[in-house]
Amino acid sequence: MPFLDLLSAEHVCTNIVAADKPQLLDKLAAMLARDGAEQPSIAAALKEREMLGSTGLGHGVAIPHGRIDSLDKPRVALVRLARPLDFGSIDGQPVDLVAAMVVPEQNTDLHLQLLAELAEFFSHKEVVKALREAADGSALRAELAEFSRNRLKDATWTD
């Protein structure tokens with residue numbers, strides 16, 4: 001299932017303010033949780049993955065992600081920060097574009113497919129530029145939709 005199909009309008013936000021990476025991960029967990037009871041496990045999964053190494057790809061982009069046994073389906077969010085944050089990225093640049101996701105523990109293939117798709121999105125300078133210039137969350141999502149429509153047609157999904 002493509003990232004865009006999982007991305008609801010309420011999970012696309014601009015001008016997110018966070019003091020640091022842990023606070024941002026908590027905010028992302030709150031966005032991805034269905035209720036307050038799920039938030040701690042989602043935050044823990046995102047933070048545990050970051051402890052293995054930064055999910056900052058470079059060029060101001062990060063993809064925090066994790067797997068959680070109790071989820072029934074993947075959940076995703078896309079945010080643009082009001083102020084870039086140090087994310088420990090490979091190139092040392094602060095992050096302002098963040099695509100976050102959590103998937104059910106057993107969905108390893110889908111997890112990897114989503115990561116690959118996001119890496120493809122963010123590898124295109126024109127897409128990243130358009131995401132940074134988008135007026136609001138609606139425009140941000142529309143930019144991803146436009147890129148998805150124009151993607152190579154041989155990108156197949158196995159789910």
# chains A, B, ... in the order shown; residues from 1 in each chain; ligands from 1
$ residues_around --residues "stretch 32-38 of chain A" --least-positions-apart "4" --cutoff "8 Å" --atoms "only C-alpha atoms" --output "list in words"
His11, Leu28, Ile42, Arg75, Val76, Ala77, Met101 and Val102 of chain A
$ residues_around --residues "stretch 78-87 of chain A" --least-positions-apart "6" --cutoff "8 Å" --atoms "only C-alpha atoms" --output "PyMOL selection string"
chain A and resi 7+11-21+54-56+60+62+93-100+132+137
$ closest_atom_pairs --of "stretch 14-94 of chain A" --to "stretch 112-119 of chain A" --cutoff "9 Å" --atoms "only C-alpha atoms" --output "JSON lines"
{"residue": "A:Leu57", "atom": "CA", "partner": "A:Ala119", "partner_atom": "CA", "distance": 8.2}
{"residue": "A:Ile63", "atom": "CA", "partner": "A:Leu118", "partner_atom": "CA", "distance": 7.8}
{"residue": "A:His65", "atom": "CA", "partner": "A:Leu115", "partner_atom": "CA", "distance": 8.6}
$ atom_distance --atom1 "atom CA of A:Arg49" --atom2 "atom CA of A:Val103"
12.8 Å
$ closest_residue --among "A:Leu131, A:Ala30, A:Leu25, A:Met1" --to "A:Glu48" --atoms "only C-alpha atoms"
A:Leu25
$ atom_distance --atom1 "atom CA of A:Gly66" --atom2 "atom CA of A:Ala45"
5.2 Å
$ select_by_dssp --residues "stretch 16-158 of chain A" --states "alpha helix (DSSP H)" --output "number ranges by chain"
A: 21-32, 39-52, 108-122, 125-133, 137-150
$ select_by_dssp --residues "stretch 7-66 of chain A" --states "strand (DSSP E)" --output "compact mmCIF listing (two decimals) with C-alpha atoms, in the first residue's frame"
# COMPACT_ATOMS: atom_id res chain seq x y z
CA VAL A 12 -0.26 16.35 7.24
CA CYS A 13 0.80 19.49 9.11
CA THR A 14 2.98 22.52 8.60
CA ASN A 15 4.57 24.87 11.11
CA ILE A 16 5.03 22.20 13.78
CA GLY A 56 17.76 11.76 9.36
CA LEU A 57 18.49 11.07 5.69
CA GLY A 58 20.29 14.33 5.06
CA VAL A 61 14.73 15.24 5.80
CA ALA A 62 14.00 12.52 8.38
CA HIS A 65 9.70 4.86 12.04
CA GLY A 66 8.99 1.83 14.14
$ decode --residues "stretch 98-144 of chain A" --atoms "N, CA and C atoms" --output "PDB file, in the first residue's frame"
ATOM      1  N   VAL A  98       9.603  15.926   7.828  1.00  0.00           N
ATOM      2  CA  VAL A  98       9.587  14.655   8.549  1.00  0.00           C
ATOM      3  C   VAL A  98       8.398  13.820   8.098  1.00  0.00           C
ATOM      4  N   ALA A  99       8.675  12.622   7.637  1.00  0.00           N
ATOM      5  CA  ALA A  99       7.639  11.633   7.350  1.00  0.00           C
ATOM      6  C   ALA A  99       7.798  10.542   8.404  1.00  0.00           C
ATOM      7  N   ALA A 100       6.776  10.353   9.213  1.00  0.00           N
ATOM      8  CA  ALA A 100       6.841   9.371  10.298  1.00  0.00           C
ATOM      9  C   ALA A 100       5.887   8.225  10.012  1.00  0.00           C
ATOM     10  N   MET A 101       6.264   7.041  10.504  1.00  0.00           N
ATOM     11  CA  MET A 101       5.360   5.905  10.328  1.00  0.00           C
ATOM     12  C   MET A 101       5.599   4.851  11.391  1.00  0.00           C
ATOM     13  N   VAL A 102       4.526   4.167  11.712  1.00  0.00           N
ATOM     14  CA  VAL A 102       4.593   2.965  12.531  1.00  0.00           C
ATOM     15  C   VAL A 102       3.765   1.905  11.806  1.00  0.00           C
ATOM     16  N   VAL A 103       4.272   0.696  11.835  1.00  0.00           N
ATOM     17  CA  VAL A 103       3.591  -0.409  11.160  1.00  0.00           C
ATOM     18  C   VAL A 103       3.463  -1.583  12.122  1.00  0.00           C
ATOM     19  N   PRO A 104       2.497  -2.472  11.862  1.00  0.00           N
ATOM     20  CA  PRO A 104       2.403  -3.673  12.691  1.00  0.00           C
ATOM     21  C   PRO A 104       3.693  -4.492  12.615  1.00  0.00           C
ATOM     22  N   GLU A 105       4.064  -5.077  13.707  1.00  0.00           N
ATOM     23  CA  GLU A 105       5.315  -5.841  13.811  1.00  0.00           C
ATOM     24  C   GLU A 105       5.479  -6.854  12.676  1.00  0.00           C
ATOM     25  N   GLN A 106       4.406  -7.519  12.299  1.00  0.00           N
ATOM     26  CA  GLN A 106       4.494  -8.586  11.294  1.00  0.00           C
ATOM     27  C   GLN A 106       4.573  -8.073   9.857  1.00  0.00           C
ATOM     28  N   ASN A 107       4.427  -6.787   9.626  1.00  0.00           N
ATOM     29  CA  ASN A 107       4.430  -6.225   8.277  1.00  0.00           C
ATOM     30  C   ASN A 107       5.811  -5.733   7.832  1.00  0.00           C
ATOM     31  N   THR A 108       6.804  -6.578   7.925  1.00  0.00           N
ATOM     32  CA  THR A 108       8.172  -6.197   7.572  1.00  0.00           C
ATOM     33  C   THR A 108       8.290  -5.756   6.123  1.00  0.00           C
ATOM     34  N   ASP A 109       7.680  -6.487   5.196  1.00  0.00           N
ATOM     35  CA  ASP A 109       7.784  -6.137   3.776  1.00  0.00           C
ATOM     36  C   ASP A 109       7.171  -4.768   3.497  1.00  0.00           C
ATOM     37  N   LEU A 110       5.996  -4.524   4.041  1.00  0.00           N
ATOM     38  CA  LEU A 110       5.348  -3.229   3.839  1.00  0.00           C
ATOM     39  C   LEU A 110       6.186  -2.115   4.454  1.00  0.00           C
ATOM     40  N   HIS A 111       6.744  -2.359   5.618  1.00  0.00           N
ATOM     41  CA  HIS A 111       7.607  -1.383   6.281  1.00  0.00           C
ATOM     42  C   HIS A 111       8.753  -0.990   5.343  1.00  0.00           C
ATOM     43  N   LEU A 112       9.399  -1.972   4.771  1.00  0.00           N
ATOM     44  CA  LEU A 112      10.527  -1.707   3.873  1.00  0.00           C
ATOM     45  C   LEU A 112      10.078  -1.019   2.588  1.00  0.00           C
ATOM     46  N   GLN A 113       8.916  -1.391   2.062  1.00  0.00           N
ATOM     47  CA  GLN A 113       8.393  -0.750   0.859  1.00  0.00           C
ATOM     48  C   GLN A 113       8.099   0.734   1.115  1.00  0.00           C
ATOM     49  N   LEU A 114       7.505   1.014   2.265  1.00  0.00           N
ATOM     50  CA  LEU A 114       7.197   2.403   2.602  1.00  0.00           C
ATOM     51  C   LEU A 114       8.473   3.226   2.772  1.00  0.00           C
ATOM     52  N   LEU A 115       9.457   2.649   3.438  1.00  0.00           N
ATOM     53  CA  LEU A 115      10.737   3.357   3.589  1.00  0.00           C
ATOM     54  C   LEU A 115      11.378   3.633   2.231  1.00  0.00           C
ATOM     55  N   ALA A 116      11.330   2.664   1.351  1.00  0.00           N
ATOM     56  CA  ALA A 116      11.902   2.846   0.011  1.00  0.00           C
ATOM     57  C   ALA A 116      11.151   3.923  -0.761  1.00  0.00           C
ATOM     58  N   GLU A 117       9.837   3.921  -0.644  1.00  0.00           N
ATOM     59  CA  GLU A 117       9.041   4.932  -1.342  1.00  0.00           C
ATOM     60  C   GLU A 117       9.370   6.332  -0.817  1.00  0.00           C
ATOM     61  N   LEU A 118       9.472   6.465   0.497  1.00  0.00           N
ATOM     62  CA  LEU A 118       9.803   7.764   1.080  1.00  0.00           C
ATOM     63  C   LEU A 118      11.203   8.206   0.675  1.00  0.00           C
ATOM     64  N   ALA A 119      12.128   7.283   0.669  1.00  0.00           N
ATOM     65  CA  ALA A 119      13.488   7.624   0.230  1.00  0.00           C
ATOM     66  C   ALA A 119      13.463   8.115  -1.222  1.00  0.00           C
ATOM     67  N   GLU A 120      12.618   7.502  -2.042  1.00  0.00           N
ATOM     68  CA  GLU A 120      12.486   7.952  -3.431  1.00  0.00           C
ATOM     69  C   GLU A 120      11.891   9.355  -3.490  1.00  0.00           C
ATOM     70  N   PHE A 121      10.806   9.603  -2.757  1.00  0.00           N
ATOM     71  CA  PHE A 121      10.216  10.947  -2.712  1.00  0.00           C
ATOM     72  C   PHE A 121      11.294  11.977  -2.407  1.00  0.00           C
ATOM     73  N   PHE A 122      11.993  11.727  -1.298  1.00  0.00           N
ATOM     74  CA  PHE A 122      12.930  12.710  -0.774  1.00  0.00           C
ATOM     75  C   PHE A 122      14.245  12.781  -1.544  1.00  0.00           C
ATOM     76  N   SER A 123      14.464  11.878  -2.478  1.00  0.00           N
ATOM     77  CA  SER A 123      15.682  11.946  -3.281  1.00  0.00           C
ATOM     78  C   SER A 123      15.526  12.900  -4.463  1.00  0.00           C
ATOM     79  N   HIS A 124      14.330  13.372  -4.685  1.00  0.00           N
ATOM     80  CA  HIS A 124      14.071  14.306  -5.781  1.00  0.00           C
ATOM     81  C   HIS A 124      14.075  15.734  -5.246  1.00  0.00           C
ATOM     82  N   LYS A 125      15.070  16.499  -5.667  1.00  0.00           N
ATOM     83  CA  LYS A 125      15.217  17.870  -5.170  1.00  0.00           C
ATOM     84  C   LYS A 125      13.976  18.715  -5.416  1.00  0.00           C
ATOM     85  N   GLU A 126      13.349  18.514  -6.572  1.00  0.00           N
ATOM     86  CA  GLU A 126      12.167  19.320  -6.896  1.00  0.00           C
ATOM     87  C   GLU A 126      10.994  18.998  -5.968  1.00  0.00           C
ATOM     88  N   VAL A 127      10.881  17.751  -5.547  1.00  0.00           N
ATOM     89  CA  VAL A 127       9.818  17.369  -4.607  1.00  0.00           C
ATOM     90  C   VAL A 127      10.085  18.012  -3.249  1.00  0.00           C
ATOM     91  N   VAL A 128      11.313  17.907  -2.776  1.00  0.00           N
ATOM     92  CA  VAL A 128      11.678  18.483  -1.479  1.00  0.00           C
ATOM     93  C   VAL A 128      11.467  19.993  -1.499  1.00  0.00           C
ATOM     94  N   LYS A 129      11.863  20.633  -2.575  1.00  0.00           N
ATOM     95  CA  LYS A 129      11.676  22.082  -2.698  1.00  0.00           C
ATOM     96  C   LYS A 129      10.187  22.425  -2.655  1.00  0.00           C
ATOM     97  N   ALA A 130       9.374  21.679  -3.391  1.00  0.00           N
ATOM     98  CA  ALA A 130       7.928  21.928  -3.410  1.00  0.00           C
ATOM     99  C   ALA A 130       7.307  21.703  -2.032  1.00  0.00           C
ATOM    100  N   LEU A 131       7.766  20.693  -1.307  1.00  0.00           N
ATOM    101  CA  LEU A 131       7.245  20.440   0.037  1.00  0.00           C
ATOM    102  C   LEU A 131       7.599  21.589   0.976  1.00  0.00           C
ATOM    103  N   ARG A 132       8.773  22.129   0.818  1.00  0.00           N
ATOM    104  CA  ARG A 132       9.194  23.255   1.671  1.00  0.00           C
ATOM    105  C   ARG A 132       8.425  24.537   1.332  1.00  0.00           C
ATOM    106  N   GLU A 133       7.987  24.669   0.095  1.00  0.00           N
ATOM    107  CA  GLU A 133       7.294  25.878  -0.337  1.00  0.00           C
ATOM    108  C   GLU A 133       5.778  25.768  -0.229  1.00  0.00           C
ATOM    109  N   ALA A 134       5.249  24.591   0.055  1.00  0.00           N
ATOM    110  CA  ALA A 134       3.799  24.399   0.125  1.00  0.00           C
ATOM    111  C   ALA A 134       3.188  25.315   1.185  1.00  0.00           C
ATOM    112  N   ALA A 135       2.071  25.923   0.845  1.00  0.00           N
ATOM    113  CA  ALA A 135       1.436  26.910   1.720  1.00  0.00           C
ATOM    114  C   ALA A 135       0.888  26.305   3.007  1.00  0.00           C
ATOM    115  N   ASP A 136       0.393  25.078   2.926  1.00  0.00           N
ATOM    116  CA  ASP A 136      -0.225  24.446   4.094  1.00  0.00           C
ATOM    117  C   ASP A 136      -0.213  22.930   3.919  1.00  0.00           C
ATOM    118  N   GLY A 137      -0.821  22.240   4.871  1.00  0.00           N
ATOM    119  CA  GLY A 137      -0.838  20.781   4.828  1.00  0.00           C
ATOM    120  C   GLY A 137      -1.524  20.233   3.590  1.00  0.00           C
ATOM    121  N   SER A 138      -2.570  20.890   3.153  1.00  0.00           N
ATOM    122  CA  SER A 138      -3.287  20.468   1.955  1.00  0.00           C
ATOM    123  C   SER A 138      -2.383  20.535   0.721  1.00  0.00           C
ATOM    124  N   ALA A 139      -1.648  21.622   0.613  1.00  0.00           N
ATOM    125  CA  ALA A 139      -0.727  21.790  -0.513  1.00  0.00           C
ATOM    126  C   ALA A 139       0.441  20.806  -0.407  1.00  0.00           C
ATOM    127  N   LEU A 140       0.866  20.529   0.804  1.00  0.00           N
ATOM    128  CA  LEU A 140       1.944  19.567   1.024  1.00  0.00           C
ATOM    129  C   LEU A 140       1.527  18.190   0.511  1.00  0.00           C
ATOM    130  N   ARG A 141       0.321  17.771   0.883  1.00  0.00           N
ATOM    131  CA  ARG A 141      -0.201  16.477   0.439  1.00  0.00           C
ATOM    132  C   ARG A 141      -0.385  16.462  -1.083  1.00  0.00           C
ATOM    133  N   ALA A 142      -0.849  17.572  -1.638  1.00  0.00           N
ATOM    134  CA  ALA A 142      -1.048  17.665  -3.085  1.00  0.00           C
ATOM    135  C   ALA A 142       0.273  17.502  -3.839  1.00  0.00           C
ATOM    136  N   GLU A 143       1.359  18.033  -3.289  1.00  0.00           N
ATOM    137  CA  GLU A 143       2.673  17.873  -3.928  1.00  0.00           C
ATOM    138  C   GLU A 143       3.082  16.402  -3.970  1.00  0.00           C
ATOM    139  N   LEU A 144       2.842  15.682  -2.871  1.00  0.00           N
ATOM    140  CA  LEU A 144       3.147  14.246  -2.863  1.00  0.00           C
ATOM    141  C   LEU A 144       2.270  13.500  -3.858  1.00  0.00           C
TER     142      LEU A 144
END
